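Visitor: Compact mmCIF, C-alpha atoms, saved as coords-v5.txt, coming up:
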# COMPACT_ATOMS: atom_id res chain seq x y z
CA MET A 26 123.44 108.82 108.68
CA LYS A 27 122.02 111.32 106.20
CA THR A 28 118.94 113.36 107.02
CA GLU A 29 116.01 113.69 104.65
CA TYR A 30 116.41 115.57 101.37
CA SER A 31 115.08 119.07 100.85
CA CYS A 32 113.09 119.85 97.68
CA GLU A 33 116.16 121.43 96.13
CA GLN A 34 118.32 118.40 96.85
CA CYS A 35 115.60 116.09 95.62
CA LYS A 36 115.20 117.98 92.35
CA GLU A 37 118.92 117.76 91.73
CA GLN A 38 118.70 113.98 91.86
CA LEU A 39 115.27 113.53 90.30
CA PHE A 40 116.36 112.99 86.73
CA ASP A 41 118.85 110.30 87.73
CA PHE A 42 116.21 108.81 90.03
CA VAL A 43 113.76 108.43 87.12
CA ASN A 44 116.52 106.82 85.07
CA SER A 45 117.46 104.49 87.94
CA VAL A 46 121.10 105.49 87.99
CA LEU A 47 121.25 106.75 91.58
CA PRO A 48 123.30 104.94 94.22
CA PRO A 49 121.05 103.03 96.70
CA LEU A 50 121.38 105.52 99.54
CA GLU A 51 120.48 108.56 97.42
CA LYS A 52 117.69 106.60 95.83
CA GLN A 53 116.26 105.84 99.24
CA LEU A 54 116.47 109.47 100.30
CA VAL A 55 114.71 110.68 97.16
CA ASP A 56 112.11 107.98 97.64
CA GLN A 57 111.47 109.12 101.22
CA HIS A 58 111.17 112.74 100.13
CA LEU A 59 108.75 111.91 97.36
CA GLN A 60 106.43 110.15 99.79
CA HIS A 61 105.52 113.38 101.53
CA CYS A 62 106.26 116.05 98.81
CA ALA A 63 103.53 116.37 96.21
CA GLU A 64 105.42 119.02 94.22
CA CYS A 65 108.52 116.89 93.71
CA ASP A 66 106.32 113.92 93.00
CA THR A 67 104.59 115.89 90.25
CA ASP A 68 107.98 116.94 88.84
CA MET A 69 109.05 113.32 88.79
CA ALA A 70 105.87 112.38 86.92
CA ASP A 71 106.52 115.21 84.44
CA ILE A 72 110.06 113.99 83.81
CA TRP A 73 108.84 110.47 83.38
CA ASN A 74 106.04 111.54 80.98
CA LEU A 75 108.25 113.72 78.84
CA GLN A 76 110.94 111.08 78.73
CA SER A 77 108.49 108.47 77.50
CA GLN A 78 107.10 110.93 74.92
CA ALA A 79 110.59 111.85 73.76
CA SER A 80 111.45 108.20 73.31
CA SER A 81 108.40 107.84 71.05
CA TRP A 82 109.75 110.48 68.65
CA ARG A 83 110.23 108.98 65.21
CA ASP A 84 113.22 110.52 63.48
CA GLU A 85 112.13 112.19 60.26
CA ARG A 86 114.12 111.72 57.11
CA VAL A 87 116.32 114.56 55.95
CA PRO A 88 114.96 115.96 52.67
CA ARG A 89 117.21 115.41 49.66
CA TRP A 90 119.80 118.08 49.24
CA LYS A 91 122.87 118.52 47.07
CA ARG A 92 125.67 118.28 49.62
CA ARG A 93 128.55 118.50 47.17
CA GLN A 94 127.14 121.53 45.42
CA PHE A 95 126.30 123.15 48.74
CA PHE A 96 129.80 122.86 50.19
CA PHE A 97 132.10 122.87 47.22
CA ASP A 98 130.24 124.54 44.40
CA PRO A 99 127.82 126.92 46.10
CA SER A 100 126.77 128.86 43.02
CA PRO A 101 126.28 127.76 39.42
CA TRP A 102 128.67 129.25 36.84
CA PRO A 103 126.28 131.95 35.54
CA MET A 104 126.12 133.33 39.07
CA ARG A 105 129.88 133.23 39.38
CA MET A 106 130.18 135.14 36.12
CA GLN A 107 128.21 138.09 37.50
CA TRP A 108 131.46 140.06 37.82
CA ALA A 109 131.80 139.88 34.00
CA ALA A 110 128.83 142.24 33.49
CA SER A 111 130.24 144.74 35.98
CA PHE A 112 133.66 144.48 34.36
CA ALA A 113 132.17 145.08 30.89
CA SER A 114 130.25 148.13 32.14
CA LEU A 115 133.41 149.52 33.73
CA LEU A 116 135.39 148.92 30.55
CA VAL A 117 132.80 150.73 28.44
CA LEU A 118 132.79 153.62 30.88
CA ILE A 119 136.59 153.90 30.75
CA LEU A 120 136.58 153.80 26.94
CA VAL A 121 133.90 156.49 26.77
CA LEU A 122 135.73 158.70 29.23
CA MET A 123 138.99 158.25 27.34
CA GLU A 124 137.30 159.57 24.19
CA GLY A 125 135.59 162.37 26.03
CA ARG A 126 136.87 165.88 26.58
CA ILE A 127 135.95 167.52 29.82
CA SER A 128 136.02 171.32 29.82
CA THR A 129 135.19 173.87 32.48
CA VAL A 130 135.42 176.85 30.15
CA GLY A 131 132.01 178.46 30.11
CA GLY A 132 130.63 175.95 32.58
CA LEU A 133 131.18 172.23 32.85
CA SER A 134 130.86 170.45 29.52
CA ILE A 135 131.74 166.94 28.42
CA ASP A 136 132.48 166.52 24.74
CA PHE A 137 132.86 163.10 23.14
CA ALA A 138 133.78 164.46 19.69
CA THR A 139 137.54 164.02 19.41
CA ASN A 140 139.99 163.99 16.47
CA GLY A 141 138.19 161.31 14.44
CA SER A 142 134.84 163.06 14.68
CA ARG A 143 133.44 166.01 12.68
CA TYR A 144 131.17 168.76 13.83
CA VAL A 145 128.05 169.27 11.72
CA SER A 146 126.22 172.63 11.61
CA ARG A 147 122.47 172.83 11.92
CA PRO A 148 121.65 173.91 8.29
CA GLU A 149 124.01 171.21 7.01
CA LEU A 150 122.33 168.69 9.24
CA MET A 151 118.88 169.81 7.98
CA GLN A 152 120.07 169.48 4.37
CA GLN A 153 121.40 165.99 5.03
CA LEU A 154 118.14 165.14 6.70
CA ALA A 155 116.11 166.45 3.71
CA ARG A 156 118.32 164.48 1.28
CA SER A 157 117.95 161.38 3.31
CA GLN A 158 114.16 161.92 3.45
CA ASP A 159 113.99 162.32 -0.37
CA LEU A 160 116.08 159.23 -0.84
CA GLN A 161 113.88 157.30 1.52
CA ARG A 162 110.71 158.55 -0.20
CA SER A 163 111.93 157.58 -3.69
CA GLU A 164 113.00 154.18 -2.40
CA PHE A 165 109.62 153.78 -0.81
CA ASP A 166 107.78 154.74 -4.04
CA SER A 167 109.79 152.35 -6.16
CA SER A 168 109.24 149.59 -3.63
CA VAL A 169 105.49 150.25 -3.67
CA GLN A 170 105.47 150.20 -7.48
CA LYS A 171 107.36 146.95 -7.59
CA LEU A 172 105.04 145.49 -5.03
CA THR A 173 101.92 146.61 -6.95
CA SER A 174 103.11 145.14 -10.26
CA ALA A 175 104.08 141.93 -8.56
CA GLN A 176 100.67 141.81 -6.94
CA ILE A 177 98.88 142.36 -10.29
CA ALA A 178 100.93 139.58 -11.92
CA THR A 179 100.09 137.28 -9.07
CA ASN A 180 96.40 138.13 -9.32
CA GLN A 181 96.36 137.44 -13.07
CA LEU A 182 98.05 134.14 -12.59
CA LEU A 183 95.58 133.26 -9.90
CA LEU A 184 92.60 134.23 -12.04
CA ARG A 185 93.88 132.20 -14.98
CA THR A 186 94.38 129.19 -12.85
CA VAL A 187 90.91 129.52 -11.36
CA LEU A 188 89.35 129.83 -14.83
CA ASN A 189 91.19 126.77 -16.11
CA VAL A 190 90.14 124.76 -13.17
CA SER A 191 86.55 125.92 -13.50
CA ARG A 192 86.47 125.15 -17.24
CA GLN A 193 87.80 121.68 -16.68
CA GLU A 194 85.30 121.09 -13.91
CA ARG A 195 82.45 122.26 -16.18
CA ARG A 196 83.60 119.93 -18.95
CA GLU A 197 83.63 117.03 -16.56
CA ASP A 198 80.15 117.98 -15.33
CA LEU A 199 78.78 118.12 -18.88
CA GLY A 200 80.25 114.74 -19.70
CA ASN A 201 78.64 113.28 -16.60
CA MET A 202 75.30 114.87 -17.46
CA LEU A 203 75.46 113.45 -21.01
CA ILE A 204 76.07 109.98 -19.69
CA LEU A 205 73.16 110.36 -17.30
CA TRP A 206 70.91 111.68 -20.09
CA GLU A 207 71.82 108.74 -22.36
CA GLN A 208 71.08 106.34 -19.58
CA ALA A 209 67.71 108.03 -19.00
CA GLN A 210 66.94 107.89 -22.72
CA ASP A 211 67.75 104.18 -22.88
CA GLN A 212 65.53 103.52 -19.93
CA ARG A 213 62.65 105.56 -21.44
CA SER A 214 62.83 103.78 -24.83
CA MET A 215 62.81 100.45 -23.07
CA SER A 216 59.76 101.35 -21.06
CA THR A 217 58.00 102.71 -24.23
CA GLU A 218 58.72 99.44 -26.03
CA GLU A 219 57.30 97.48 -23.12
CA SER A 220 54.18 99.67 -23.09
CA LEU A 221 53.63 99.23 -26.83
CA GLN A 222 54.03 95.50 -26.56
CA TYR A 223 51.53 95.45 -23.74
CA LEU A 224 49.10 97.64 -25.77
CA ILE A 225 49.37 95.45 -28.86
CA ALA A 226 48.90 92.33 -26.83
CA SER A 227 45.82 93.77 -25.11
CA GLN A 228 44.35 94.88 -28.50
CA ILE A 229 44.85 91.40 -29.94
CA ARG A 230 43.16 89.95 -26.88
CA ASP A 231 40.25 92.40 -27.18
CA ARG A 232 39.80 91.62 -30.88
CA ARG A 233 39.65 87.91 -30.07
CA GLU A 234 37.09 88.51 -27.42
CA ILE A 235 34.99 90.63 -29.88
CA GLU A 236 35.21 87.86 -32.46
CA VAL A 237 34.06 85.33 -29.91
CA LEU A 238 31.14 87.58 -28.98
CA ASN A 239 30.21 88.05 -32.67
CA ASP A 240 30.23 84.34 -33.17
CA ALA A 241 28.08 83.91 -30.16
CA MET A 242 25.60 86.55 -31.34
CA LEU A 243 25.44 84.98 -34.79
CA GLN A 244 24.75 81.70 -33.18
CA VAL A 245 21.90 83.17 -31.11
CA SER A 246 20.28 84.91 -34.09
CA THR A 247 20.50 81.72 -36.15
CA ASP A 248 18.82 79.80 -33.41
CA ARG A 249 15.98 82.35 -33.23
CA ASN A 250 15.34 82.14 -36.96
CA PHE A 251 14.83 78.48 -36.70
CA MET B 21 143.80 105.50 54.61
CA TYR B 22 140.14 106.27 55.11
CA ARG B 23 139.31 103.01 53.36
CA GLU B 24 141.64 101.16 55.75
CA LEU B 25 139.95 102.73 58.75
CA THR B 26 136.47 101.86 57.59
CA MET B 27 137.47 98.30 56.77
CA PHE B 28 137.95 97.55 60.47
CA GLY B 29 134.88 99.41 61.67
CA LYS B 30 133.51 102.92 61.73
CA ALA B 31 136.02 105.72 61.69
CA THR B 32 135.82 107.93 64.76
CA ASP B 33 134.74 111.55 64.51
CA GLU B 34 138.29 112.66 65.18
CA GLN B 35 139.67 110.48 62.40
CA LEU B 36 137.13 111.85 59.95
CA ILE B 37 137.89 115.40 61.05
CA GLN B 38 141.62 114.90 60.51
CA LYS B 39 140.98 113.50 57.03
CA ALA B 40 138.54 116.28 56.20
CA LEU B 41 141.07 118.88 57.34
CA ALA B 42 143.64 117.20 55.12
CA GLY B 43 141.29 117.79 52.20
CA SER B 44 139.27 114.58 52.00
CA GLU B 45 135.78 115.41 50.75
CA ARG B 46 134.73 111.86 51.43
CA ALA B 47 135.64 112.13 55.09
CA TRP B 48 133.74 115.38 55.37
CA PHE B 49 130.63 113.87 53.79
CA GLY B 50 131.05 110.93 56.18
CA LEU B 51 130.75 113.38 59.07
CA VAL B 52 127.81 115.16 57.43
CA ARG B 53 125.92 111.91 56.88
CA ARG B 54 126.65 110.78 60.42
CA TYR B 55 125.07 113.82 62.05
CA GLU B 56 122.69 115.38 59.56
CA LYS B 57 119.63 113.34 60.58
CA ARG B 58 120.17 114.06 64.26
CA LEU B 59 120.73 117.74 63.56
CA TYR B 60 117.72 117.95 61.22
CA ASN B 61 115.40 116.41 63.81
CA TYR B 62 116.88 118.68 66.46
CA SER B 63 116.16 121.74 64.30
CA LEU B 64 112.72 120.40 63.44
CA ARG B 65 111.75 120.19 67.10
CA MET B 66 113.25 123.59 67.78
CA THR B 67 111.49 125.37 64.91
CA GLY B 68 108.48 123.16 64.16
CA SER B 69 109.00 123.69 60.45
CA PRO B 70 110.73 121.31 58.00
CA ASP B 71 111.89 124.20 55.80
CA ASP B 72 113.37 126.12 58.71
CA ALA B 73 114.93 122.90 60.02
CA MET B 74 116.61 122.35 56.67
CA ASP B 75 117.88 125.93 56.61
CA ILE B 76 119.34 125.56 60.08
CA LEU B 77 120.88 122.19 59.24
CA GLN B 78 122.68 123.67 56.25
CA ASP B 79 123.64 126.76 58.20
CA VAL B 80 125.11 124.68 61.04
CA LEU B 81 126.98 122.32 58.73
CA MET B 82 128.42 125.19 56.72
CA SER B 83 129.52 126.85 59.95
CA VAL B 84 131.13 123.58 61.12
CA TYR B 85 132.83 123.19 57.74
CA ARG B 86 134.29 126.68 57.91
CA ASN B 87 135.38 126.36 61.52
CA LEU B 88 136.53 122.76 61.50
CA ALA B 89 140.14 123.84 61.79
CA SER B 90 139.32 125.64 65.04
CA TYR B 91 137.96 122.45 66.63
CA ARG B 92 140.68 121.57 69.11
CA GLY B 93 139.49 118.09 69.99
CA ASP B 94 139.50 118.88 73.72
CA GLY B 95 135.87 117.74 74.05
CA ALA B 96 133.46 115.50 72.20
CA PHE B 97 132.83 116.60 68.63
CA VAL B 98 129.09 116.10 69.10
CA ALA B 99 129.08 118.58 72.00
CA TRP B 100 130.92 121.12 69.84
CA LEU B 101 128.50 120.46 67.02
CA PHE B 102 125.46 121.00 69.21
CA ARG B 103 126.99 124.10 70.72
CA ILE B 104 127.11 125.56 67.22
CA ALA B 105 123.62 124.23 66.48
CA SER B 106 122.23 125.81 69.66
CA PHE B 107 123.82 129.12 68.79
CA ARG B 108 122.54 129.02 65.22
CA CYS B 109 119.07 128.00 66.35
CA THR B 110 118.86 130.78 68.90
CA ASP B 111 120.04 133.24 66.31
CA PHE B 112 117.55 131.96 63.78
CA LEU B 113 114.62 132.06 66.21
CA ARG B 114 115.55 135.52 67.38
CA ARG B 115 115.70 136.74 63.79
CA ARG B 116 112.28 135.29 63.16
CA GLY B 117 111.02 136.79 66.37
CA ARG B 118 109.35 133.56 67.23
CA GLN B 119 110.78 132.64 70.56
CA PHE B 120 107.82 133.99 72.49
CA ALA B 121 105.24 133.83 69.79
CA SER B 122 103.83 130.64 71.19
CA THR B 123 102.94 132.08 74.60
CA ASP B 124 99.86 133.78 73.17
CA ASP B 125 98.60 130.53 71.72
CA VAL B 126 98.85 128.43 74.86
CA ASP B 127 95.13 127.78 75.04
CA VAL B 128 94.61 126.77 71.45
CA ILE B 129 97.50 124.44 70.59
CA ASP B 130 96.43 120.82 70.80
CA VAL B 131 99.39 118.74 71.91
CA SER B 132 97.37 115.62 72.58
CA GLY B 133 99.07 113.89 69.67
CA ALA B 134 102.09 113.54 71.93
CA ASP B 135 100.30 110.88 73.93
CA THR B 136 98.40 109.01 71.27
CA GLY B 137 98.25 108.43 67.57
CA ASP B 138 100.85 107.21 65.12
CA GLY B 139 104.45 108.36 64.69
CA ILE B 140 103.58 111.46 62.66
CA ASP B 141 100.90 112.59 65.13
CA ARG B 142 103.23 111.97 68.04
CA ASN B 143 105.95 114.00 66.37
CA LYS B 144 103.50 116.82 65.65
CA GLY B 145 102.26 116.72 69.23
CA LEU B 146 105.78 116.91 70.58
CA MET B 147 106.67 119.73 68.22
CA GLY B 148 103.52 121.57 69.31
CA MET B 149 104.55 121.15 72.94
CA MET B 150 108.11 122.31 72.27
CA ASN B 151 106.73 125.30 70.40
CA LEU B 152 105.05 126.48 73.59
CA LEU B 153 108.36 127.05 75.30
CA PRO B 154 110.66 130.04 75.18
CA THR B 155 113.87 129.34 73.30
CA GLU B 156 116.10 128.99 76.34
CA GLN B 157 113.81 126.36 77.92
CA LYS B 158 113.37 124.64 74.59
CA HIS B 159 117.15 124.24 74.34
CA VAL B 160 117.41 122.60 77.73
CA ILE B 161 114.53 120.20 77.05
CA GLU B 162 115.96 119.32 73.65
CA LEU B 163 119.49 118.72 74.90
CA LYS B 164 118.36 116.81 77.99
CA PHE B 165 115.49 114.66 76.75
CA PHE B 166 116.38 114.17 73.10
CA GLN B 167 120.17 114.50 72.95
CA HIS B 168 120.74 112.97 76.41
CA PHE B 169 123.47 115.37 77.50
CA THR B 170 124.28 115.77 81.20
CA PHE B 171 123.34 119.02 82.91
CA ASP B 172 127.03 119.95 83.03
CA GLU B 173 127.35 119.42 79.28
CA ILE B 174 124.18 121.44 78.66
CA ALA B 175 125.53 124.19 80.89
CA GLY B 176 128.76 124.21 78.88
CA GLN B 177 126.95 124.34 75.57
CA LEU B 178 124.55 127.10 76.52
CA GLY B 179 127.02 129.07 78.59
CA ILE B 180 124.94 128.87 81.76
CA SER B 181 125.33 127.17 85.11
CA SER B 182 124.19 123.65 85.74
CA ASN B 183 121.62 124.89 88.27
CA THR B 184 120.18 127.34 85.74
CA ALA B 185 119.85 124.50 83.27
CA LYS B 186 117.94 122.48 85.87
CA SER B 187 115.64 125.32 86.84
CA ARG B 188 114.90 125.96 83.15
CA MET B 189 114.02 122.31 82.74
CA TYR B 190 111.58 122.37 85.66
CA ALA B 191 110.04 125.61 84.42
CA ALA B 192 109.54 124.02 81.01
CA LEU B 193 108.02 120.90 82.53
CA LYS B 194 105.60 123.03 84.52
CA LYS B 195 104.59 124.93 81.42
CA MET B 196 103.99 121.76 79.46
CA ARG B 197 101.97 120.27 82.31
CA LYS B 198 99.76 123.36 82.40
CA GLN B 199 99.24 123.11 78.68
CA ASN B 200 98.25 119.48 78.97
CA GLU B 201 95.79 120.36 81.72
CA ASN B 202 94.29 123.12 79.54
CA VAL B 203 93.84 120.71 76.67
CA MET B 204 92.19 118.16 78.95
CA LEU B 205 89.81 120.83 80.30
CA LEU B 206 88.95 121.93 76.77
CA LYS B 207 88.22 118.38 75.76
CA GLU B 208 86.03 117.79 78.79
CA GLY B 209 84.18 121.05 78.09
CA ALA B 210 83.58 120.02 74.50
As structure tokens, please, write out the structure in this file.

Guide:
Amino acid sequence: MKTEYSCEQCKEQLFDFVNSVLPPLEKQLVDQHLQHCAECDTDMADIWNLQSQASSWRDERVPRWKRRQFFFDPSPWPMRMQWAASFASLLVLILVLMEGRISTVGGLSIDFATNGSRYVSRPELMQQLARSQDLQRSEFDSSVQKLTSAQIATNQLLLRTVLNVSRQERREDLGNMLILWEQAQDQRSMSTEESLQYLIASQIRDRREIEVLNDAMLQVSTDRNF
Amino acid sequence: MYRELTMFGKATDEQLIQKALAGSERAWFGLVRRYEKRLYNYSLRMTGSPDDAMDILQDVLMSVYRNLASYRGDGAFVAWLFRIASFRCTDFLRRRGRQFASTDDVDVIDVSGADTGDGIDRNKGLMGMMNLLPTEQKHVIELKFFQHFTFDEIAGQLGISSNTAKSRMYAALKKMRKQNENVMLLKEGA
């Protein structure tokens, strides 16, 4: 017959107790211990709580990632070609050093002018520089001249074109004005004709009225004489 | 051969490993797909950050890929995998200097989402709770409650004794209980 469990013994079995995988005897012993041990009882509640919370975890989806590239092609080709730049630099350095002449006479000096090269003295260099400056200046002047004449020709052409266009536009405007003037003249002569007709008609009417009045006056004077 | 194996059911880890070691990319990706979700969620709970979890996942898988030949097959592959994952996670958290960062924030982290709310809230709540623990306790909780390893297996993976694993678990449970009580008090006070 086993005696009651201590806290230590109980805690060893507690996880299995919560998961109901303990043999009956051990289960009974843990049960008995829990009845009078608040601390172990709290631990059991903690295990139970966390277990139920853990079971409610919803697995999150793994973000998309390029597995093949990650394992078998970890870096894109430009990255893999990084050595090429270093190699090129090294090659250039070797070539330069091969052409160079290192001397310790009169202090350390490195000279890159070898058999194929020519030393140039300072006055000679100044002369070459002056010649090159003159050449550049004359080339510049001729370029400016060419540019100026080309610009003048362009301006003349532009001016001529503008004048032609303006002349043509003026001609068109005059033609339009003439048409408008003729139309206005026609309209004015028509209205003058209408006015004259109206005037003549009103004069004829007035004359008739005067004649009627004369007749009437003659009639009245004749009547008085009688 | 791999086709033949899969025709009659899932290939075992060992079969996939043999094929992968023989140069089969397909077998290797079979292994990756089989465990990546579990490893990602493991890393997510350990770090609390999806980006960090992804970094750890890739780190662990690359480490497994490089050391696959050294897997002797004397234990379960998953245990070996999680041993590497635990090591990488510890290393990662140590580098970030985050393993004890949470202890200062005990009073302000709301882990109530672990009890209520939808899946996302529950996950966040659980991550918040895990984040309160020091790395060594976090490992035990993770391996016991989420990966369902025995205490002996956990001890083997973490290089500690079974009793140490148990005492770390109880210490972690106590810490989480205290945190829950603090949150409850705060809520009542509000």

Visitor: Contacts between chain B and chain A, please, where a residue of chain A counts if it comes within 8 Å (with all atoms listed in the file); show its shortest atom pair and distance in Å to one decimal, rows by chain and ascending number, as a Markdown table.

Guide:
| residue | atom | partner | partner_atom | distance |
| --- | --- | --- | --- | --- |
| A:Glu37 | CA | B:Lys186 | CA | 7.6 |
| A:Asp68 | CA | B:Tyr190 | CA | 7.2 |
| A:Asp71 | CA | B:Leu193 | CA | 6.2 |
| A:Ile72 | CA | B:Leu193 | CA | 7.3 |
| A:Leu75 | CA | B:Phe165 | CA | 7.6 |
| A:Gln76 | CA | B:Phe165 | CA | 6.1 |
| A:Gln78 | CA | B:Ala134 | CA | 6.4 |
| A:Ala79 | CA | B:Phe166 | CA | 6.3 |
| A:Ser80 | CA | B:Phe166 | CA | 7.7 |
| A:Ser81 | CA | B:Arg142 | CA | 7.3 |
| A:Trp82 | CA | B:Asn143 | CA | 5.7 |
| A:Arg83 | CA | B:Gly139 | CA | 5.8 |
| A:Asp84 | CA | B:Asn61 | CA | 6.3 |
| A:Glu85 | CA | B:Asn61 | CA | 6.4 |
| A:Arg86 | CA | B:Lys57 | CA | 6.7 |
| A:Val87 | CA | B:Lys57 | CA | 5.8 |
| A:Pro88 | CA | B:Met74 | CA | 7.7 |
| A:Arg92 | CA | B:Phe49 | CA | 7.8 |
| A:Phe96 | CA | B:Met82 | CA | 7.1 |

Visitor: Just give me the gap between CA of Lys39 (chain B) and CA of Ser63 (chain B) in Å, one decimal is fine.

Guide: 27.1 Å

Visitor: What separation in Å, quoted to one decimal, exists between CA of Ala42 (chain B) and CA of Val84 (chain B)?

Guide: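 Straight-line distance from CA of Ala42 (chain B) to CA of Val84 (chain B) works out to 15.3 Å.
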
Visitor: How many Å separate CA of Ser45 (chain A) from CA of Met69 (chain A)?

Guide: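 Computed distance, CA of Ser45 (chain A) to CA of Met69 (chain A), equals 12.2 Å.
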
Visitor: Let me have the centre and edge lengths in Å, one decimal, of the box along x, y and z around every listed atom of region 169-181 of chain A with 3 Å of margin on each side, as JSON.

Guide:
{"center_x": 101.9, "center_y": 143.8, "center_z": -8.4, "size_x": 17.0, "size_y": 19.0, "size_z": 15.4}

Visitor: Ranking B:Leu178, B:Asp94, B:Leu153, B:Arg46 by minimum distance to Arg108 (chain B) and counting all atoms listed in the file, which one comes first?

Guide: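 With all atoms listed in the file as the atom set, the closest residue is B:Leu178.
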
Visitor: Return the single residue from B:Leu205, B:Val160, B:Ile37, B:Ala31 that is closest to Gly93 (chain B), with distances computed using all atoms listed in the file.

Guide: B:Ile37

Visitor: Extract, using all atoms listed in the file, all DNA, RNA and protein residues at most 12 Å from Phe107 (chain B), discarding same-chain residues fewer than 6 positions from it, and format them as a PDB file with C-alpha atoms, keeping the file's coordinate frame.

Guide:
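See result-v8.pdb below for the written result:
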ATOM      1  CA  SER B  63     116.160 121.740  64.300  1.00  0.00           C
ATOM      2  CA  MET B  66     113.250 123.590  67.780  1.00  0.00           C
ATOM      3  CA  ILE B  76     119.340 125.560  60.080  1.00  0.00           C
ATOM      4  CA  ASP B  79     123.640 126.760  58.200  1.00  0.00           C
ATOM      5  CA  VAL B  80     125.110 124.680  61.040  1.00  0.00           C
ATOM      6  CA  SER B  83     129.520 126.850  59.950  1.00  0.00           C
ATOM      7  CA  VAL B  84     131.130 123.580  61.120  1.00  0.00           C
ATOM      8  CA  TRP B 100     130.920 121.120  69.840  1.00  0.00           C
ATOM      9  CA  LEU B 101     128.500 120.460  67.020  1.00  0.00           C
ATOM     10  CA  LEU B 113     114.620 132.060  66.210  1.00  0.00           C
ATOM     11  CA  ARG B 114     115.550 135.520  67.380  1.00  0.00           C
ATOM     12  CA  THR B 155     113.870 129.340  73.300  1.00  0.00           C
ATOM     13  CA  GLU B 156     116.100 128.990  76.340  1.00  0.00           C
ATOM     14  CA  HIS B 159     117.150 124.240  74.340  1.00  0.00           C
ATOM     15  CA  GLN B 177     126.950 124.340  75.570  1.00  0.00           C
ATOM     16  CA  LEU B 178     124.550 127.100  76.520  1.00  0.00           C
ATOM     17  CA  GLY B 179     127.020 129.070  78.590  1.00  0.00           C
TER      18      GLY B 179
END

Visitor: Measuring atom to atom with only C-alpha atoms, identify which of A:Gln208, A:Trp108, A:Val55, A:Asn74 is nearest to Asp41 (chain A).

Guide: A:Val55
